[in-house]
Structure formats: C-alpha cells, structure tokens
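Quick look at query.txt (compact mmCIF, C-alpha atoms):
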# COMPACT_ATOMS: atom_id res chain seq x y z
CA MET P 1 -4.85 -11.15 8.51
CA PHE P 2 -1.91 -10.56 6.18
CA GLU P 3 0.39 -8.79 8.59
CA GLY P 4 3.55 -6.88 7.68
CA VAL P 5 6.67 -8.62 8.92
CA LYS P 6 10.31 -7.64 9.34
CA ASP P 7 12.20 -10.83 9.98
CA ASP P 8 10.58 -13.23 7.56
CA HIS P 9 9.47 -12.95 3.96
CA HIS P 10 6.21 -11.36 2.98
CA LEU P 11 3.38 -13.35 1.40
CA ARG P 12 4.65 -12.36 -2.02
CA GLU P 13 7.96 -14.12 -1.45
CA LEU P 14 6.15 -17.18 -0.10
CA THR P 15 3.93 -17.48 -3.12
CA LEU P 16 6.75 -16.81 -5.55
CA GLY P 17 8.86 -19.40 -3.76
CA LEU P 18 6.08 -21.95 -4.18
CA ALA P 19 5.92 -21.16 -7.87
CA ALA P 20 9.67 -21.65 -8.19
CA LEU P 21 9.44 -25.03 -6.45
CA LEU P 22 6.68 -26.07 -8.81
CA CYS P 23 8.90 -25.12 -11.74
CA VAL P 24 11.48 -27.64 -10.59
CA VAL P 25 8.85 -30.35 -10.32
CA MET P 26 7.32 -29.53 -13.68
CA ILE P 27 10.40 -28.72 -15.71
CA ALA P 28 9.51 -31.42 -18.20
CA VAL P 29 6.31 -29.62 -19.16
CA GLY P 30 7.95 -26.20 -19.37
CA CYS P 31 7.29 -23.85 -16.47
CA SER P 32 9.34 -21.00 -17.87
CA GLY P 33 6.29 -19.23 -19.29
CA ASP P 34 7.74 -19.12 -22.80
CA SER P 35 5.34 -19.99 -25.58
CA SER P 36 5.73 -20.63 -29.27
CA ASP P 37 2.01 -20.09 -29.86
CA ASP P 38 1.50 -16.44 -30.78
CA THR P 39 -2.28 -16.84 -30.66
CA LEU P 40 -2.36 -17.32 -26.90
CA SER P 41 -3.93 -14.42 -25.03
CA THR P 42 -5.18 -13.09 -21.74
CA THR P 43 -8.81 -14.09 -21.34
CA ALA P 44 -11.59 -14.21 -18.79
CA VAL P 45 -12.84 -17.72 -18.09
CA ASP P 46 -15.60 -19.27 -16.05
CA ALA P 47 -14.54 -20.71 -12.70
CA THR P 48 -16.06 -24.07 -13.65
CA ASP P 49 -13.84 -24.53 -16.71
CA THR P 50 -11.53 -27.53 -16.46
CA VAL P 51 -7.83 -26.71 -16.13
CA SER P 52 -4.81 -28.84 -15.39
CA VAL P 53 -3.74 -27.36 -12.07
CA ALA P 54 -0.16 -27.31 -10.88
CA SER P 55 -1.09 -25.67 -7.55
CA MET P 56 -4.35 -24.50 -6.01
CA GLU P 57 -2.53 -22.67 -3.21
CA HIS P 58 -4.27 -19.36 -3.75
CA LEU P 59 -6.96 -17.14 -2.29
CA GLY P 60 -10.48 -17.04 -3.68
CA ASP P 61 -13.44 -19.30 -4.29
CA GLY P 62 -14.03 -18.50 -7.95
CA SER P 63 -17.30 -16.72 -7.20
CA LEU P 64 -16.35 -13.66 -9.27
CA GLY P 65 -14.75 -15.67 -12.05
CA LEU P 66 -11.18 -16.34 -13.10
CA VAL P 67 -8.92 -14.49 -15.52
CA GLN P 68 -6.57 -16.60 -17.61
CA VAL P 69 -3.18 -15.26 -18.70
CA ASP P 70 -1.47 -17.46 -21.27
CA PRO P 71 2.31 -17.85 -21.44
CA GLY P 72 4.00 -14.90 -23.09
CA ASN P 73 1.20 -12.49 -22.17
CA ALA P 74 0.90 -9.97 -19.37
CA ILE P 75 -1.36 -9.42 -16.40
CA GLN P 76 -3.60 -6.44 -17.11
CA ILE P 77 -4.18 -3.62 -14.62
CA ARG P 78 -5.03 0.01 -15.34
CA SER P 79 -4.48 3.53 -14.01
CA LEU P 80 -7.37 5.98 -14.02
CA ASN P 81 -6.29 9.40 -12.81
CA ALA P 82 -6.73 13.10 -13.58
CA ILE P 83 -3.90 13.70 -16.04
CA SER P 84 -5.04 16.62 -18.22
CA GLU P 85 -5.87 20.32 -18.08
CA GLU P 86 -5.87 22.22 -14.75
CA VAL P 87 -5.89 19.09 -12.59
CA ALA P 88 -2.91 17.39 -14.26
CA ASP P 89 -0.58 18.69 -11.54
CA PHE P 90 -2.70 16.77 -9.05
CA GLY P 91 -3.19 13.52 -10.96
CA LEU P 92 0.00 12.96 -12.96
CA PRO P 93 2.09 12.06 -9.88
CA LEU P 94 -0.46 9.34 -9.13
CA GLN P 95 -0.22 7.91 -12.65
CA ARG P 96 3.55 8.00 -12.42
CA GLY P 97 3.56 6.46 -8.95
CA ALA P 98 1.67 3.51 -10.40
CA GLU P 99 4.15 3.23 -13.27
CA LEU P 100 7.12 3.16 -10.92
CA GLY P 101 5.35 0.69 -8.64
CA VAL P 102 4.86 -1.76 -11.51
CA ALA P 103 8.47 -1.36 -12.60
CA ASP P 104 9.87 -1.92 -9.11
CA TYR P 105 7.61 -4.86 -8.28
CA GLY P 106 8.59 -6.94 -11.29
CA THR P 107 6.80 -10.09 -12.37
CA VAL P 108 4.00 -12.03 -10.70
CA HIS P 109 4.70 -15.78 -10.85
CA GLY P 110 6.95 -14.99 -13.80
CA PHE P 111 4.32 -12.97 -15.69
CA GLU P 112 4.86 -9.33 -16.63
CA VAL P 113 2.34 -6.69 -15.52
CA ASP P 114 0.92 -4.24 -18.06
CA LEU P 115 -0.67 -0.91 -17.09
CA GLY P 116 -1.98 -0.52 -20.62
CA PRO P 117 -3.12 2.86 -21.95
CA ARG P 118 -3.51 5.82 -19.61
CA PHE P 119 -7.10 6.68 -18.71
CA ASP P 120 -8.11 10.20 -17.69
CA GLY P 121 -10.81 10.65 -15.06
CA GLN P 122 -10.66 14.46 -15.54
CA CYS P 123 -11.65 14.96 -11.88
CA THR P 124 -15.34 14.79 -12.87
CA ASN P 125 -18.18 12.31 -12.57
CA PHE P 126 -18.50 12.27 -16.36
CA GLY P 127 -14.80 11.52 -16.75
CA GLY P 128 -15.08 8.67 -14.25
CA VAL P 129 -18.08 7.17 -16.00
CA SER P 130 -16.56 7.44 -19.46
CA ALA P 131 -13.22 5.89 -18.52
CA GLY P 132 -14.89 3.38 -16.21
CA GLN P 133 -17.08 2.12 -19.03
CA ALA P 134 -14.08 1.65 -21.31
CA ILE P 135 -12.07 -0.26 -18.70
CA ALA P 136 -15.01 -2.38 -17.54
CA ARG P 137 -15.52 -3.67 -21.08
CA ASP P 138 -12.07 -5.30 -20.96
CA GLU P 139 -12.68 -8.57 -19.13
CA THR P 140 -8.95 -9.20 -18.72
CA VAL P 141 -8.37 -6.25 -16.36
CA ILE P 142 -7.95 -7.29 -12.72
CA GLY P 143 -7.81 -3.94 -10.94
CA VAL P 144 -7.51 -0.20 -11.33
CA ILE P 145 -5.28 2.33 -9.56
CA GLY P 146 -7.40 5.44 -9.25
CA THR P 147 -9.20 7.68 -9.35
CA SER P 148 -7.45 10.87 -8.26
CA CYS P 149 -10.68 12.71 -7.41
CA SER P 150 -13.71 11.55 -5.47
CA GLY P 151 -16.13 12.89 -8.05
CA ALA P 152 -14.62 10.68 -10.73
CA ALA P 153 -14.68 7.70 -8.35
CA ALA P 154 -18.42 8.11 -7.76
CA GLY P 155 -18.88 7.55 -11.48
CA ALA P 156 -16.27 4.85 -12.05
CA ALA P 157 -16.51 2.68 -8.94
CA PRO P 158 -19.89 1.03 -9.58
CA LEU P 159 -18.86 0.17 -13.13
CA LEU P 160 -15.48 -1.31 -12.23
CA THR P 161 -16.49 -3.16 -9.08
CA GLY P 162 -19.63 -4.36 -10.83
CA ALA P 163 -17.37 -5.99 -13.43
CA GLY P 164 -15.58 -7.93 -10.68
CA MET P 165 -12.51 -5.69 -10.68
CA VAL P 166 -11.04 -3.94 -7.67
CA MET P 167 -10.35 -0.25 -7.49
CA ILE P 168 -7.65 1.17 -5.20
CA SER P 169 -7.53 4.95 -5.06
CA PRO P 170 -4.46 6.91 -4.01
CA GLY P 171 -6.28 10.26 -3.96
CA ASN P 172 -9.99 9.89 -3.10
CA THR P 173 -10.79 11.20 0.36
CA SER P 174 -14.58 11.68 0.44
CA PRO P 175 -16.31 9.82 3.33
CA ALA P 176 -19.14 9.04 0.88
CA LEU P 177 -16.88 6.51 -0.88
CA THR P 178 -16.17 4.47 2.26
CA SER P 179 -17.91 5.22 5.55
CA ASP P 180 -18.75 7.68 8.29
CA LEU P 181 -16.21 5.91 10.55
CA ALA P 182 -19.13 4.86 12.77
CA GLY P 183 -19.94 1.62 10.96
CA ASN P 184 -22.21 3.05 8.28
CA PRO P 185 -21.32 2.83 4.56
CA GLY P 186 -21.15 6.02 2.53
CA GLU P 187 -23.72 6.76 -0.14
CA ASN P 188 -21.17 5.99 -2.89
CA TYR P 189 -19.57 2.92 -1.27
CA HIS P 190 -19.21 -0.23 -3.39
CA VAL P 191 -17.74 -3.59 -2.39
CA GLY P 192 -14.40 -3.91 -4.18
CA TYR P 193 -13.41 -0.27 -3.63
CA TYR P 194 -10.35 0.53 -1.50
CA ARG P 195 -8.10 3.52 -0.97
CA THR P 196 -4.70 4.32 0.46
CA ALA P 197 -5.69 7.99 0.81
CA HIS P 198 -7.19 9.22 4.09
CA ASN P 199 -10.83 9.74 5.00
CA ASP P 200 -11.73 13.44 5.04
CA LEU P 201 -13.50 13.13 8.37
CA PHE P 202 -9.98 13.11 9.78
CA GLN P 203 -8.83 15.98 7.57
CA GLY P 204 -11.83 18.16 8.35
CA ARG P 205 -11.32 17.66 12.07
CA VAL P 206 -7.60 18.48 11.92
CA MET P 207 -8.21 21.70 9.97
CA ALA P 208 -10.97 22.69 12.40
CA GLU P 209 -8.64 22.09 15.34
CA PHE P 210 -5.97 24.24 13.74
CA VAL P 211 -8.30 27.12 12.85
CA HIS P 212 -10.16 27.16 16.17
CA ASN P 213 -7.64 25.97 18.73
CA GLU P 214 -4.28 26.99 17.28
CA MET P 215 -5.19 30.22 15.45
CA GLY P 216 -7.91 31.23 17.89
CA LEU P 217 -10.52 32.02 15.23
CA SER P 218 -14.11 31.55 16.33
CA THR P 219 -16.06 32.20 13.11
CA ALA P 220 -15.64 30.59 9.72
CA ALA P 221 -17.36 30.15 6.36
CA ALA P 222 -16.91 27.35 3.82
CA ILE P 223 -17.29 26.96 0.06
CA HIS P 224 -17.57 23.76 -1.98
CA ASP P 225 -18.41 22.98 -5.61
CA GLY P 226 -20.89 20.12 -5.17
CA ASP P 227 -18.26 17.44 -5.82
CA PRO P 228 -18.28 14.56 -3.26
CA TYR P 229 -14.75 15.52 -2.19
CA THR P 230 -15.23 19.26 -1.82
CA ARG P 231 -18.67 18.98 -0.23
CA GLY P 232 -17.63 16.15 2.08
CA LEU P 233 -14.52 17.92 3.33
CA ALA P 234 -16.30 21.25 3.77
CA GLU P 235 -19.02 19.50 5.79
CA ALA P 236 -16.46 17.62 7.88
CA PHE P 237 -14.69 20.89 8.68
CA ALA P 238 -17.93 22.71 9.51
CA ASP P 239 -19.21 19.93 11.78
CA ALA P 240 -15.89 19.67 13.64
CA PHE P 241 -15.54 23.46 13.93
CA GLU P 242 -18.96 23.77 15.54
CA ALA P 243 -18.24 20.83 17.83
CA LEU P 244 -15.21 22.75 19.09
CA GLY P 245 -17.39 25.74 19.93
CA GLY P 246 -16.89 27.75 16.74
CA THR P 247 -19.60 29.33 14.59
CA ILE P 248 -20.12 28.64 10.89
CA THR P 249 -21.38 31.92 9.49
CA GLY P 250 -21.91 30.66 5.95
CA PHE P 251 -21.82 27.43 3.97
CA THR P 252 -22.39 27.61 0.23
CA ALA P 253 -21.51 26.17 -3.16
CA VAL P 254 -20.22 27.42 -6.50
CA ASN P 255 -20.27 25.72 -9.88
CA LYS P 256 -17.08 24.20 -11.27
CA ASP P 257 -17.27 26.41 -14.36
CA ASP P 258 -17.93 29.66 -12.48
CA THR P 259 -15.42 32.46 -12.90
CA ASP P 260 -17.23 35.27 -11.07
CA MET P 261 -17.14 34.41 -7.37
CA VAL P 262 -18.18 37.86 -6.12
CA PRO P 263 -21.92 37.08 -5.61
CA VAL P 264 -21.10 34.08 -3.40
CA LEU P 265 -18.36 35.97 -1.58
CA LEU P 266 -20.72 38.89 -0.88
CA GLU P 267 -23.18 36.42 0.62
CA LEU P 268 -20.50 35.05 2.92
CA ALA P 269 -19.12 38.49 3.80
CA ALA P 270 -22.45 39.34 5.45
CA GLY P 271 -21.55 36.92 8.22
CA ASN P 272 -18.15 38.55 8.92
CA PRO P 273 -16.16 35.29 9.07
CA GLU P 274 -12.61 35.33 10.35
CA ALA P 275 -11.72 32.21 8.33
CA LEU P 276 -12.69 31.06 4.83
CA PHE P 277 -12.21 27.38 3.99
CA PHE P 278 -12.54 26.36 0.33
CA PRO P 279 -11.33 22.78 -0.35
CA VAL P 280 -11.74 22.91 -4.14
CA PHE P 281 -9.65 22.35 -7.26
CA GLN P 282 -8.34 24.63 -9.97
CA PRO P 283 -9.49 26.79 -11.62
CA VAL P 284 -12.24 27.49 -9.03
CA GLY P 285 -9.64 27.99 -6.30
CA ASP P 286 -7.77 30.50 -8.47
CA TYR P 287 -10.80 32.76 -8.79
CA ILE P 288 -11.85 32.54 -5.14
CA ALA P 289 -8.43 33.51 -3.77
CA GLU P 290 -8.04 36.27 -6.37
CA GLN P 291 -11.44 37.84 -5.73
CA VAL P 292 -11.67 37.56 -1.93
CA PRO P 293 -9.61 40.76 -1.32
CA THR P 294 -11.94 42.73 -3.64
CA VAL P 295 -15.03 42.03 -1.52
CA GLU P 296 -15.81 44.41 1.31
CA GLY P 297 -15.90 42.55 4.60
CA LEU P 298 -13.44 39.87 3.50
CA GLY P 299 -10.29 41.96 3.24
CA GLU P 300 -8.92 40.59 6.53
CA VAL P 301 -10.28 37.04 6.28
CA GLN P 302 -7.70 34.25 6.53
CA MET P 303 -7.94 31.77 3.66
CA PHE P 304 -7.59 28.00 4.06
CA SER P 305 -7.76 25.14 1.57
CA ALA P 306 -6.76 21.50 1.21
CA ASP P 307 -4.84 18.96 -0.85
CA GLY P 308 -6.83 19.59 -4.03
CA LEU P 309 -5.02 22.93 -4.31
CA LEU P 310 -1.76 21.78 -2.76
CA THR P 311 -0.05 21.61 -6.13
CA ALA P 312 2.94 23.29 -7.71
CA GLU P 313 0.77 25.22 -10.18
CA TYR P 314 -1.54 26.67 -7.55
CA LEU P 315 1.26 27.53 -5.15
CA SER P 316 2.91 29.54 -7.94
CA LEU P 317 -0.05 31.96 -8.01
CA PRO P 318 0.44 35.21 -6.09
CA GLN P 319 -3.01 34.99 -4.50
CA SER P 320 -2.07 31.70 -2.81
CA VAL P 321 0.66 33.30 -0.69
CA GLY P 322 -0.23 33.35 2.99
CA MET P 323 -2.77 30.53 2.74
CA TYR P 324 -2.86 27.39 4.89
CA PHE P 325 -3.46 23.93 3.39
CA SER P 326 -4.38 20.59 4.95
CA GLY P 327 -3.35 17.31 3.38
CA PRO P 328 -1.66 13.96 3.95
CA ASP P 329 1.40 13.89 6.17
CA THR P 330 4.24 13.40 3.66
CA ARG P 331 7.02 13.25 6.24
CA TYR P 332 7.84 9.63 5.40
CA GLY P 333 11.29 9.51 6.93
CA GLY P 334 12.79 6.04 6.64
CA ASN P 335 9.56 4.26 5.63
CA VAL P 336 10.13 1.31 3.30
CA ASN P 337 7.63 -0.36 0.98
CA GLN P 338 7.81 -3.98 2.08
CA SER P 339 6.95 -5.41 -1.35
CA THR P 340 9.80 -3.69 -3.22
CA GLY P 341 12.22 -2.63 -0.48
CA LYS P 342 12.19 0.94 -1.81
CA THR P 343 12.29 4.00 0.45
CA ALA P 344 10.50 7.27 -0.18
CA GLU P 345 13.85 8.92 -0.95
CA GLU P 346 14.69 6.23 -3.51
CA PHE P 347 11.25 6.67 -5.06
CA LEU P 348 11.76 10.42 -5.41
CA ASP P 349 15.18 9.91 -6.97
CA ALA P 350 13.69 7.49 -9.50
CA TYR P 351 10.75 9.81 -10.15
CA GLU P 352 12.99 12.77 -10.89
CA ALA P 353 15.23 10.66 -13.13
CA ALA P 354 12.27 9.32 -15.11
CA TYR P 355 10.13 12.47 -15.40
CA GLU P 356 12.68 15.27 -14.97
CA GLU P 357 10.77 16.85 -12.10
CA LEU P 358 9.62 16.03 -8.60
CA PRO P 359 5.96 15.19 -7.85
CA THR P 360 3.71 18.24 -8.12
CA SER P 361 1.11 17.04 -5.57
CA SER P 362 0.93 15.09 -2.33
CA PHE P 363 -0.37 11.58 -3.06
CA TRP P 364 2.53 10.05 -5.01
CA ALA P 365 3.48 7.62 -2.24
CA HIS P 366 -0.15 6.55 -1.86
CA ALA P 367 -0.18 5.60 -5.56
CA TYR P 368 3.00 3.55 -5.22
CA ASP P 369 1.65 1.67 -2.20
CA ALA P 370 -1.75 1.12 -3.85
CA THR P 371 0.00 -0.47 -6.83
CA THR P 372 2.19 -2.83 -4.81
CA LEU P 373 -0.82 -3.83 -2.71
CA LEU P 374 -2.76 -4.70 -5.86
CA LEU P 375 0.14 -6.76 -7.17
CA ASP P 376 0.52 -8.56 -3.84
CA ALA P 377 -3.20 -9.34 -3.98
CA ILE P 378 -2.88 -10.74 -7.51
CA THR P 379 0.09 -12.85 -6.41
CA ALA P 380 -1.87 -14.32 -3.51
CA ALA P 381 -4.98 -14.95 -5.64
CA SER P 382 -3.33 -16.70 -8.59
CA TYR P 383 -1.74 -19.99 -9.55
CA VAL P 384 0.02 -21.55 -12.52
CA THR P 385 -1.40 -24.58 -14.32
CA ASP P 386 0.61 -27.51 -15.65
CA GLU P 387 0.49 -25.83 -19.06
CA GLY P 388 2.14 -22.69 -17.65
CA VAL P 389 -1.10 -20.66 -17.70
CA LEU P 390 -1.65 -18.15 -14.91
CA MET P 391 -5.14 -18.25 -13.40
CA ILE P 392 -6.22 -15.23 -11.31
CA ASP P 393 -9.20 -15.52 -8.97
CA ARG P 394 -11.04 -12.20 -8.80
CA ALA P 395 -12.64 -13.04 -5.45
CA GLY P 396 -9.21 -13.89 -4.08
CA VAL P 397 -7.91 -10.42 -4.95
CA ARG P 398 -10.67 -8.91 -2.85
CA GLU P 399 -10.13 -11.45 -0.09
CA PHE P 400 -6.50 -10.39 0.21
CA LEU P 401 -7.30 -6.67 0.29
CA ASP P 402 -10.13 -7.16 2.78
CA ASN P 403 -7.64 -8.67 5.21
CA VAL P 404 -4.63 -6.39 4.83
CA SER P 405 -3.28 -5.51 8.27
CA GLY P 406 0.03 -3.95 9.21
CA TYR P 407 1.32 -3.71 5.66
CA GLN P 408 4.32 -1.40 5.61
CA GLY P 409 4.29 1.08 2.74
CA LEU P 410 5.96 4.35 1.93
CA ILE P 411 3.07 6.08 3.72
CA GLY P 412 3.54 3.92 6.81
CA ASP P 413 1.13 1.38 8.25
CA VAL P 414 -1.62 0.22 5.88
CA THR P 415 -4.59 -1.62 7.38
CA CYS P 416 -7.91 -1.94 5.57
CA ASP P 417 -11.21 -1.62 7.41
CA GLU P 418 -14.47 -3.21 6.29
CA PHE P 419 -15.28 -0.30 3.97
CA GLY P 420 -11.93 -0.04 2.18
CA ASP P 421 -10.28 2.71 4.20
CA CYS P 422 -6.70 1.45 4.23
CA GLY P 423 -4.36 4.42 4.35
CA SER P 424 -2.60 6.38 7.02
CA GLN P 425 -4.95 8.96 8.53
CA LYS P 426 -2.15 11.33 9.53
CA ILE P 427 -2.90 14.89 8.43
CA THR P 428 -0.74 18.01 8.42
CA VAL P 429 -1.44 21.70 7.90
CA VAL P 430 1.21 23.63 5.98
CA HIS P 431 1.67 27.37 5.59
CA HIS P 432 2.49 28.80 2.17
CA THR P 433 4.84 31.71 2.66
CA GLY P 434 5.54 32.19 -1.02
CA THR P 435 9.07 30.83 -1.22
CA ASP P 436 8.77 27.60 -3.20
CA VAL P 437 6.76 24.40 -3.37
CA ASP P 438 9.20 22.21 -1.44
CA ALA P 439 9.48 24.82 1.31
CA THR P 440 5.68 24.91 1.65
CA MET P 441 5.31 21.12 1.71
CA ASN P 442 7.84 20.99 4.54
CA ASN P 443 6.48 24.01 6.42
CA VAL P 444 4.26 21.98 8.74
CA VAL P 445 2.54 24.11 11.36
CA TYR P 446 0.11 21.52 12.77
CA ALA P 447 -0.38 17.76 12.69
CA GLY P 448 -3.13 15.38 13.80
CA GLY P 449 -5.46 12.66 12.63
CA GLY P 450 -5.36 8.90 13.11
CA ASN P 451 -2.77 6.12 12.94
What do you get writing this file as structure tokens?
Amino acid sequence: MFEGVKDDHHLRELTLGLAALLCVVMIAVGCSGDSSDDTLSTTAVDATDTVSVASMEHLGDGSLGLVQVDPGNAIQIRSLNAISEEVADFGLPLQRGAELGVADYGTVHGFEVDLGPRFDGQCTNFGGVSAGQAIARDETVIGVIGTSCSGAAAGAAPLLTGAGMVMISPGNTSPALTSDLAGNPGENYHVGYYRTAHNDLFQGRVMAEFVHNEMGLSTAAAIHDGDPYTRGLAEAFADAFEALGGTITGFTAVNKDDTDMVPVLLELAAGNPEALFFPVFQPVGDYIAEQVPTVEGLGEVQMFSADGLLTAEYLSLPQSVGMYFSGPDTRYGGNVNQSTGKTAEEFLDAYEAAYEELPTSSFWAHAYDATTLLLDAITAASYVTDEGVLMIDRAGVREFLDNVSGYQGLIGDVTCDEFGDCGSQKITVVHHTGTDVDATMNNVVYAGGGN
C-alpha cells in the first residue's frame, strides 16, 4: 500500500529524487529534457518496443501499453466536467480545481503536464459519450479528471477505461459506478474508474437519519429524474428511511426537460408526505421547489435536496429558502494535500485570485485531490530513458491507484477500495436560511457517514 506519511517524503519525492540522481549519472547524454528536434512528440507505443532504459524503477507490467513523451513535450491528461448552461455552477469548480492542481504539482520527472482543451460532459449520458469518444481517440492521454455527474460518467467511463486510461471523478456519487458497499460491483462499474467523491449509500443514509431521527418526520416521498445519480440517491434515501421505521408514501420520476411538475406533485400529495426529497439538478429542481406550494396537500411539506442543487445559483432562488441539503463535509480545517503542501485555505485564496470568485459548488477539493493523485500515479508508473524520453506504463497508473491507502488530501484521508471508492465518506446536512451561500455551506445541522 502507498501510505500517507508525515515524517518522510512521499513516493513522489522518492521517484523524483531517483530521476535527479540518474541525471547526474547521465549528464553526458543530456538528461535535462531539452530537445533541438521539433518533430518529437508524445506518442503511444507498444510495450515490446525496444528502448534504451535509464531506470526501470516504476510500477506496471506493460500489459496496457506504454505512452512515450519525447523531450520538450508534455504529459497529456484531460478534464471532463459539466461546464456549461444550468449545471456550470456545479462543474466549473471541478474544472478549476484540476487546473490549480496541475499548476501546484509542477513537473513529473521534469516533464510539464498539459490539461489540453476543456471537455464538457453536460451532466448527461450523451455528453459523457460524446466527450469520452473524443478523448479516447487521443492515444497520448493518460487519465481524465471527471465527470461531474454520474449520468455523464455512465457514458464516458467504458470508453475511457476501455482505451487504457484511468478516470478519477471528483463529483460522481452514484453507487452504480462503484459498488453496493457489500462486495458487489455496480451496474456501471468499469476497471480503471475511481472517484474522490463519496458513495451515495452513505449520503442517503445520513439524510434519512436526519429526516427521521432528528426532525421526527415519519413519512416521506422522493423524486428523481432517471439519472444514475438522482435515482441512486433517491433509492438510498428511501431504503434507509424505511429501515429506520419511516414510510415512503411515494417514489416517482420526472423527465429532465419537464417544466410542469404539478401532475407528479399531485400524485405524491395523495400520500400526505411530511418530507419531500428531490436530489436533482437545475432546472428540474427550480420547478419542483417553485410549484410544490401550489399543490394542495403539499403546502406544509418540508423540502430536502442534495449536492446537485447545493450551488450558488440555486441558493439564490427564493423558493430554495428553508430547504435542507445533504452533501460532502467541506469543513476541511487544517487538512493539507501531501503532494503539494497546500491547505484548503490556500487553495481558496488561489482560486479567488485566479477566477475572481469562490467555488460555487461543493466538490472543488475533491477535484484538486483527484488531480494530484493522478499525477502521483503517473510519477510512480513512469521512467526516463537514456535519450531523455519519458515512458508511462498505463497498467502502472492503475496499480498505484488500486493501492492508495492513507493518502492525505484536502478532503482528508483517501483510501481506495477494490471498486474505486477512494474519497472521504463524511456527509453533512446544511440548512438554507436565505442569507448567503457561504452562510448556508457553513450552517451544518447534522453530520454522519463513514471515515
């Protein structure tokens, strides 16, 4: 296991130190990485190709192939997040977290890292497939930070992992993408997929505990939109709520392009629920919260949602006032990312300086940690040849991530299980009183979950 340490250097420093030592030994052949040949490029090569090897001290057996990065060129990774339209508030902080992670990490064995063009998963299966196809065609890409939304991941993950890449999501939370936490893979699980975000089986349970045990409500209804995230979290909540002794009076779905929610709300009103849980995205969440008070039988219902709506744009809507939201515990305190030495406070200062605003959603730290983990994995799975060429073993990248244990990130302890669940499973419930976004994010009324 690659354990986090406090008193000695992390694996990254060990591998970089080895590279530096090799530079001294090979100074005559030029280990600086400079090249006068402008035709050199980053290419994918077969593991059986003959190379003049300076050091084979790296992870991987070559079974997924090697990627060659010539001197003067950059290591290629990509970000695939929801960065447009209504979901931009949710996904842009993840894109930017990856950008800041690359900047803070610096070079890998002396080679720059390039995030390339931004890809937009649009928070849909179609968006994930479209962007996934484009990235998968580029044989030089090692890994992808994303997606923001589980629906997009269901489309992108098989394409990217099938191409030998790894995918590390900061925002996906659907159990279908990893496991049921009982040793069974989810229906959308693919080897090579990882996430620093939590598993919604934890989030659903925490929200159920809050609604039933803390608020004393015994009946509830739930709405989803068919997306793996919304459906999975609604199901996790419903199962946990019933296990606690509560009654689910209605469980139904809407379409993502619906604007008239009254028919569905009338259906649910027949059950007289005390609580209504709708873990969806905008604009669906806008219409539900706006139309609930207009439906007879729901005038007194308490509304609950989750991190998909825990954004600055949604919290600015008048109909969101009074709601409760579950999401990742963002009380990071003095946590430090062990790969860069940055604290959460330093990250936020840099974020505000670079983008002239603070993050508008909750998973910014997860994106930063996902990026540094990917770069640590590339460091451990690569070596420099006598000619100054960087060789990256795709299987080695996965080997590193499969064995991450006790890594210290901004989000806290990061340990990957056999299905790619790596992140902190700490969940909080916040109450939106209508003051401002920061006040809501810090207005924690309940906490639970795992590590």
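Among the candidate residues P:Gly334, P:Gly341, P:Gly143, P:Gly192, the one lying nearest to Thr161 of chain P is P:Gly192, with distances computed using only C-alpha atoms.
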Kindly assemble as a tab-separated table a list of the segment 364-386 of chain P residues that lie within 8 Å of segment 56-65 of chain P, each paired with its nearest atom pair and their distance in Å to one decimal, using only C-alpha atoms, sorted first by chain and then by ascending residue number.
residue	atom	partner	partner_atom	distance
P:Ala380	CA	P:His58	CA	5.6
P:Ala381	CA	P:Leu59	CA	4.5
P:Ser382	CA	P:His58	CA	5.6
P:Tyr383	CA	P:Met56	CA	6.3
Check your understanding: Nearest to Ala88 of chain P: which of P:Thr371, P:Gln68, P:Ser174, P:Thr360 is it, counting only C-alpha atoms?
Key -> P:Thr360
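For the residues P:Ile135, P:Leu201, P:Ile248, P:Val301, ranking by smallest atom-to-atom distance to Gly322 of chain P using all atoms listed in the file places P:Val301 first.
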Name the residues in contact with segment 180-186 of chain P at a cut-off of 8 Å, using only C-alpha atoms, excluding same-chain residues fewer than 3 positions from it; report them as a JSON list (two decimals) with C-alpha atoms, keeping the file's coordinate frame.
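So out.json came out as:
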[["chain", "number", "residue", "atom", "x", "y", "z"],
["P", 175, "PRO", "CA", -16.31, 9.82, 3.33],
["P", 176, "ALA", "CA", -19.14, 9.04, 0.88],
["P", 177, "LEU", "CA", -16.88, 6.51, -0.88],
["P", 189, "TYR", "CA", -19.57, 2.92, -1.27],
["P", 201, "LEU", "CA", -13.50, 13.13, 8.37],
["P", 419, "PHE", "CA", -15.28, -0.30, 3.97]]
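As for atom CA of Thr428 of chain P and atom CA of His366 of chain P, they are spaced 15.4 Å apart.
Distance annotation: of P:Thr294, P:Ala365, P:Phe210, P:Val397, the residue with the minimal separation from Val262 of chain P is P:Thr294; atom set is all atoms listed in the file.
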Check your understanding: Do you know which residues are at most 7 Å from Tyr193 of chain P counting all atoms listed in the file, after dropping those on the same chain fewer than 6 positions away, and could you put them as a PyMOL selection string?
Key -> chain P and resi 157+161+166-168+420
Near Arg78 of chain P, counting only C-alpha atoms, which residues have an atom at most 9 Å away, once you skip same-chain residues fewer than 5 positions from it, shown as an mmCIF file with C-alpha atoms, keeping the file's coordinate frame?
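Full text of part-v4.cif as output:
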data_model
loop_
_atom_site.group_PDB
_atom_site.id
_atom_site.type_symbol
_atom_site.label_atom_id
_atom_site.label_comp_id
_atom_site.auth_asym_id
_atom_site.auth_seq_id
_atom_site.Cartn_x
_atom_site.Cartn_y
_atom_site.Cartn_z
ATOM 1 C CA ASP P 114 0.920 -4.240 -18.060
ATOM 2 C CA LEU P 115 -0.670 -0.910 -17.090
ATOM 3 C CA GLY P 116 -1.980 -0.520 -20.620
ATOM 4 C CA PRO P 117 -3.120 2.860 -21.950
ATOM 5 C CA ARG P 118 -3.510 5.820 -19.610
ATOM 6 C CA PHE P 119 -7.100 6.680 -18.710
ATOM 7 C CA ILE P 135 -12.070 -0.260 -18.700
ATOM 8 C CA VAL P 141 -8.370 -6.250 -16.360
ATOM 9 C CA ILE P 142 -7.950 -7.290 -12.720
ATOM 10 C CA GLY P 143 -7.810 -3.940 -10.940
ATOM 11 C CA VAL P 144 -7.510 -0.200 -11.330
ATOM 12 C CA ILE P 145 -5.280 2.330 -9.560
ATOM 13 C CA GLY P 146 -7.400 5.440 -9.250
#
Where does segment 276-373 of chain P meet segment 120-134 of chain P within 12 Å, residue by residue, with the nearest atom pair and distance in Å to one decimal for each, counting only C-alpha atoms, listed by chain and rising number, as CSV?
residue,atom,partner,partner_atom,distance
P:Val280,CA,P:Cys123,CA,11.1
P:Phe281,CA,P:Cys123,CA,8.9
P:Gln282,CA,P:Cys123,CA,10.4
P:Gly308,CA,P:Cys123,CA,10.3
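For the pair atom CA of Ile411 of chain P and atom CA of Leu348 of chain P, the separation is 13.3 Å.
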